[in-house]
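Here is the file coords08.csv (CSV, C-alpha atoms).
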chain,number,residue,atom,x,y,z
A,773,MET,CA,81.6,89.4,118.6
A,774,THR,CA,83.8,92.1,117.0
A,775,ILE,CA,82.3,95.5,116.5
A,776,SER,CA,83.3,98.4,114.2
A,777,PRO,CA,84.0,101.5,116.2
A,778,ASP,CA,82.4,104.8,115.3
A,779,SER,CA,82.5,108.4,116.7
A,780,ARG,CA,79.9,107.4,119.4
A,781,PHE,CA,82.2,104.5,120.5
A,782,LEU,CA,85.2,106.9,120.4
A,783,LEU,CA,83.6,109.3,122.8
A,784,ARG,CA,82.0,106.7,125.1
A,785,HIS,CA,85.0,106.4,127.3
A,786,PRO,CA,88.4,108.2,127.7
A,787,ALA,CA,90.2,104.9,127.1
A,788,HIS,CA,88.5,104.5,123.7
A,789,PHE,CA,89.4,108.1,122.8
A,790,LEU,CA,93.1,107.5,123.6
A,791,ALA,CA,93.3,103.9,122.2
A,792,LEU,CA,91.7,105.0,118.9
A,793,GLY,CA,94.3,107.8,118.6
A,794,PHE,CA,91.9,110.7,119.2
A,795,GLY,CA,89.9,109.4,116.2
A,796,SER,CA,92.8,108.6,113.8
A,797,GLY,CA,92.0,104.9,114.4
A,798,LEU,CA,88.6,105.4,112.8
A,799,ALA,CA,90.2,105.8,109.3
A,800,ARG,CA,88.6,103.3,106.9
A,801,ARG,CA,92.0,102.5,105.3
A,802,ALA,CA,95.4,102.1,107.1
A,803,PRO,CA,94.3,103.2,110.6
A,804,GLY,CA,97.8,102.2,111.9
A,805,THR,CA,99.4,104.6,109.4
A,806,PHE,CA,97.1,107.5,110.5
A,807,GLY,CA,97.8,106.7,114.1
A,808,THR,CA,101.5,106.7,113.5
A,809,LEU,CA,101.1,110.2,112.0
A,810,VAL,CA,99.6,111.4,115.2
A,811,GLY,CA,102.9,110.8,116.9
A,812,PHE,CA,104.5,113.7,115.0
A,813,PRO,CA,102.6,116.6,116.5
A,814,LEU,CA,102.7,114.9,119.9
A,815,PHE,CA,106.4,114.6,119.7
A,816,ALA,CA,106.7,118.2,118.5
A,817,ALA,CA,104.8,119.2,121.7
A,818,LEU,CA,107.3,117.2,123.8
A,819,MET,CA,110.4,118.6,122.1
A,820,PRO,CA,110.8,121.6,124.4
A,821,LEU,CA,111.2,119.2,127.4
A,822,PRO,CA,114.7,117.8,128.3
A,823,GLU,CA,115.5,114.4,126.8
A,824,PRO,CA,115.3,112.5,130.1
A,825,VAL,CA,111.8,114.0,130.8
A,826,ARG,CA,110.7,113.0,127.3
A,827,LEU,CA,111.8,109.5,127.8
A,828,VAL,CA,110.0,109.3,131.1
A,829,VAL,CA,106.8,110.6,129.5
A,830,ILE,CA,107.1,108.1,126.6
A,831,GLY,CA,107.6,105.3,129.2
A,832,LEU,CA,104.6,106.5,131.2
A,833,ILE,CA,102.3,106.7,128.2
A,834,PHE,CA,103.5,103.2,127.1
A,835,LEU,CA,102.4,101.9,130.6
A,836,VAL,CA,99.1,103.8,130.4
A,837,GLY,CA,98.6,102.3,127.0
A,838,ILE,CA,98.4,98.8,128.4
A,839,PRO,CA,95.1,99.2,130.3
A,840,ILE,CA,93.5,101.6,127.7
A,841,CYS,CA,94.2,99.2,124.9
A,842,ASN,CA,93.0,96.3,127.0
A,843,LYS,CA,89.7,98.0,127.9
A,844,THR,CA,89.1,99.1,124.3
A,845,GLY,CA,90.0,95.8,122.8
A,846,ASP,CA,87.6,94.1,125.2
A,847,ALA,CA,84.8,96.5,124.3
A,848,LEU,CA,85.5,95.9,120.5
A,849,GLY,CA,85.7,92.2,120.9
A,850,ALA,CA,89.2,91.9,119.5
A,851,ALA,CA,92.3,92.4,121.6
A,852,ASP,CA,94.3,94.0,118.8
A,853,HIS,CA,91.5,95.6,116.8
A,854,GLY,CA,92.9,97.5,113.8
A,855,SER,CA,91.4,100.7,115.1
A,856,ILE,CA,93.5,100.6,118.2
A,857,VAL,CA,96.4,102.8,117.3
A,858,TRP,CA,97.8,104.1,120.7
A,859,ASP,CA,100.6,101.5,120.3
A,860,GLU,CA,101.6,103.1,117.0
A,861,ILE,CA,101.5,106.6,118.5
A,862,VAL,CA,103.7,105.6,121.4
A,863,ALA,CA,106.1,103.6,119.3
A,864,MET,CA,106.5,106.5,116.9
A,865,LEU,CA,107.3,108.9,119.8
A,866,LEU,CA,110.1,106.6,120.8
A,867,VAL,CA,111.5,106.3,117.3
A,868,LEU,CA,111.4,110.1,116.9
A,869,GLU,CA,113.3,110.5,120.2
A,870,PHE,CA,116.3,108.8,118.5
A,871,THR,CA,115.9,110.4,115.1
A,872,PRO,CA,117.8,113.6,113.9
A,873,ARG,CA,115.6,116.7,113.9
A,874,ASN,CA,115.4,116.9,110.2
A,875,TRP,CA,112.3,116.3,108.0
A,876,VAL,CA,114.2,113.8,105.7
A,877,TRP,CA,115.2,111.7,108.7
A,878,TRP,CA,111.6,111.9,110.1
A,879,LEU,CA,110.2,110.6,106.8
A,880,ILE,CA,112.7,107.8,106.9
A,881,ALA,CA,111.8,107.0,110.5
A,882,PHE,CA,108.1,106.9,109.6
A,883,ALA,CA,108.7,104.6,106.7
A,884,LEU,CA,111.0,102.3,108.7
A,885,PHE,CA,108.6,102.0,111.6
A,886,ARG,CA,105.6,101.3,109.4
A,887,LEU,CA,107.7,98.7,107.5
A,888,PHE,CA,108.7,96.8,110.7
A,889,ASP,CA,105.2,97.2,112.2
A,890,ILE,CA,103.5,95.7,109.1
A,891,TRP,CA,106.2,93.1,108.3
A,892,LYS,CA,106.7,91.9,111.9
A,893,PRO,CA,110.0,90.2,111.4
A,894,ALA,CA,111.1,87.6,114.0
A,895,PRO,CA,110.7,87.8,117.0
A,896,ILE,CA,108.0,90.5,116.6
A,897,ARG,CA,105.6,88.1,114.9
A,898,GLN,CA,106.1,85.4,117.6
A,899,PHE,CA,105.5,87.9,120.4
A,900,ASP,CA,102.5,89.3,118.6
A,901,ALA,CA,101.0,85.7,118.3
A,902,ARG,CA,101.7,84.8,121.9
A,903,LEU,CA,101.1,88.0,124.0
A,904,LYS,CA,97.5,89.0,124.4
A,905,GLY,CA,95.7,91.9,125.9
A,906,GLY,CA,96.9,95.4,126.3
A,907,PHE,CA,100.5,94.4,126.9
A,908,GLY,CA,100.6,92.3,123.8
A,909,VAL,CA,99.2,95.2,121.8
A,910,MET,CA,101.8,97.6,123.0
A,911,PHE,CA,104.8,95.2,123.1
A,912,ASP,CA,105.0,94.3,119.4
A,913,ASP,CA,105.0,97.9,118.4
A,914,LEU,CA,107.8,98.6,120.9
A,915,LEU,CA,109.8,95.9,119.2
A,916,ALA,CA,109.1,97.4,115.8
A,917,ALA,CA,110.2,100.8,117.1
A,918,ILE,CA,113.5,99.2,118.3
A,919,TYR,CA,114.1,97.7,114.9
A,920,ALA,CA,113.4,101.1,113.3
A,921,ILE,CA,115.8,102.8,115.7
A,922,ALA,CA,118.5,100.3,115.0
A,923,THR,CA,118.1,100.7,111.3
A,924,LEU,CA,118.1,104.5,111.6
A,925,LYS,CA,121.3,104.4,113.6
A,926,ALA,CA,122.9,102.1,111.0
A,927,LEU,CA,121.8,104.5,108.2
A,928,GLN,CA,123.2,107.5,110.1
A,929,TRP,CA,126.5,105.7,110.6
A,930,LEU,CA,126.6,104.8,106.8
A,931,THR,CA,125.9,108.5,105.8
A,932,THR,CA,128.9,109.6,107.9
A,933,LEU,CA,131.2,107.2,105.8
A,934,TYR,CA,130.3,109.0,102.6

What is this file in structure tokens?
Amino acid sequence: MTISPDSRFLLRHPAHFLALGFGSGLARRAPGTFGTLVGFPLFAALMPLPEPVRLVVIGLIFLVGIPICNKTGDALGAADHGSIVWDEIVAMLLVLEFTPRNWVWWLIAFALFRLFDIWKPAPIRQFDARLKGGFGVMFDDLLAAIYAIATLKALQWLTTLY
């Protein structure tokens, strides 16, 4: 049976607090978008660190996301419940790592990631359908992040031509 999380659920366990994006996943509409937005201040906090350290941190929080999303999905009765947004947060951190430090590029990065996360072009949709549990929750957003990064790099290259 699927339940709808509330603030009590959010605070019941640290895994729920993280998986629900510090509360951003409780948004009634577009929780994934609100979760993605949480990635911006978190990335800003990571920016003073050297790039290799940021990449390790992003990798570690991806790995931590697998059990926290699994635990929260089990508690909610749906492996990839819409309120679970840790996957969007981590994926957006990765996208921002490869995005120029400029608000216009950050806006484009946000739009591209949301596009690929919602659209789920092949093979994202196939992995999303086949992979279950915490790894499945995290993996499809990792693929959406890779699509967004590739598109960003193509756009950057095109802007250097003109």

Out of A:Ala922, A:Pro813, A:Phe781, A:Leu914, which residue has the shortest atom-to-atom distance to A:Phe870 when counting only C-alpha atoms?
->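 The shortest atom-to-atom distance to A:Phe870 comes from A:Ala922.
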
For each of A:Ala863, A:Asn842, A:Ala847, A:Tyr919, take the minimum atom-to-atom distance to A:Lys892, counting all atoms listed in the file, then give the residue where this is smallest.
-> A:Tyr919

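Proximity ranking of A:Asp852, A:Glu860, A:Glu869, A:Asp778 relative to A:Thr808 places A:Glu860 first, based on all atoms listed in the file.
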
Interface rows for stretch 782-854 of chain A against stretch 877-888 of chain A: nearest pair, Å to one decimal, 9 Å, all atoms listed in the file, as a tab-separated table:
residue	atom	partner	partner_atom	distance
A:Gly804	CA	A:Arg886	CA	8.2
A:Thr805	CA	A:Arg886	CA	7.0
A:Thr808	CA	A:Phe882	CA	7.7
A:Leu809	CA	A:Phe882	CA	8.1
A:Phe812	CA	A:Trp878	CA	8.8

Which distance in Å separates atom CA of A:Leu915 and atom CA of A:Pro820, to one decimal?
->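 Straight-line distance from atom CA of A:Leu915 to atom CA of A:Pro820 works out to 26.2 Å.
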
Extract, using all atoms listed in the file, all DNA, RNA and protein residues at most 10 Å from A:Phe907, discarding same-chain residues fewer than 4 positions from it, and format them as a PyMOL selection string.
-> chain A and resi 834-835+837-839+841-842+851+859+900+903+911-912

At most 6 Å from (110.2, 103.6, 117.2), file frame, all atoms listed in the file: which residues, as a PyMOL selection string?
-> chain A and resi 863-864+866-867+917-918+920-921

Residues from last step as file, C-alpha atoms, as a tab-separated table (two decimals), in the frame of the given file:
chain	number	residue	atom	x	y	z
A	863	ALA	CA	106.10	103.60	119.30
A	864	MET	CA	106.50	106.50	116.90
A	866	LEU	CA	110.10	106.60	120.80
A	867	VAL	CA	111.50	106.30	117.30
A	917	ALA	CA	110.20	100.80	117.10
A	918	ILE	CA	113.50	99.20	118.30
A	920	ALA	CA	113.40	101.10	113.30
A	921	ILE	CA	115.80	102.80	115.70

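The space between atom CA of A:Gly807 and atom CA of A:Val857 spans 5.2 Å.
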
Suppose you want the space between atom CA of A:Phe815 and atom CA of A:Thr923; what is it in Å?
->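 A separation of 20.0 Å between them.
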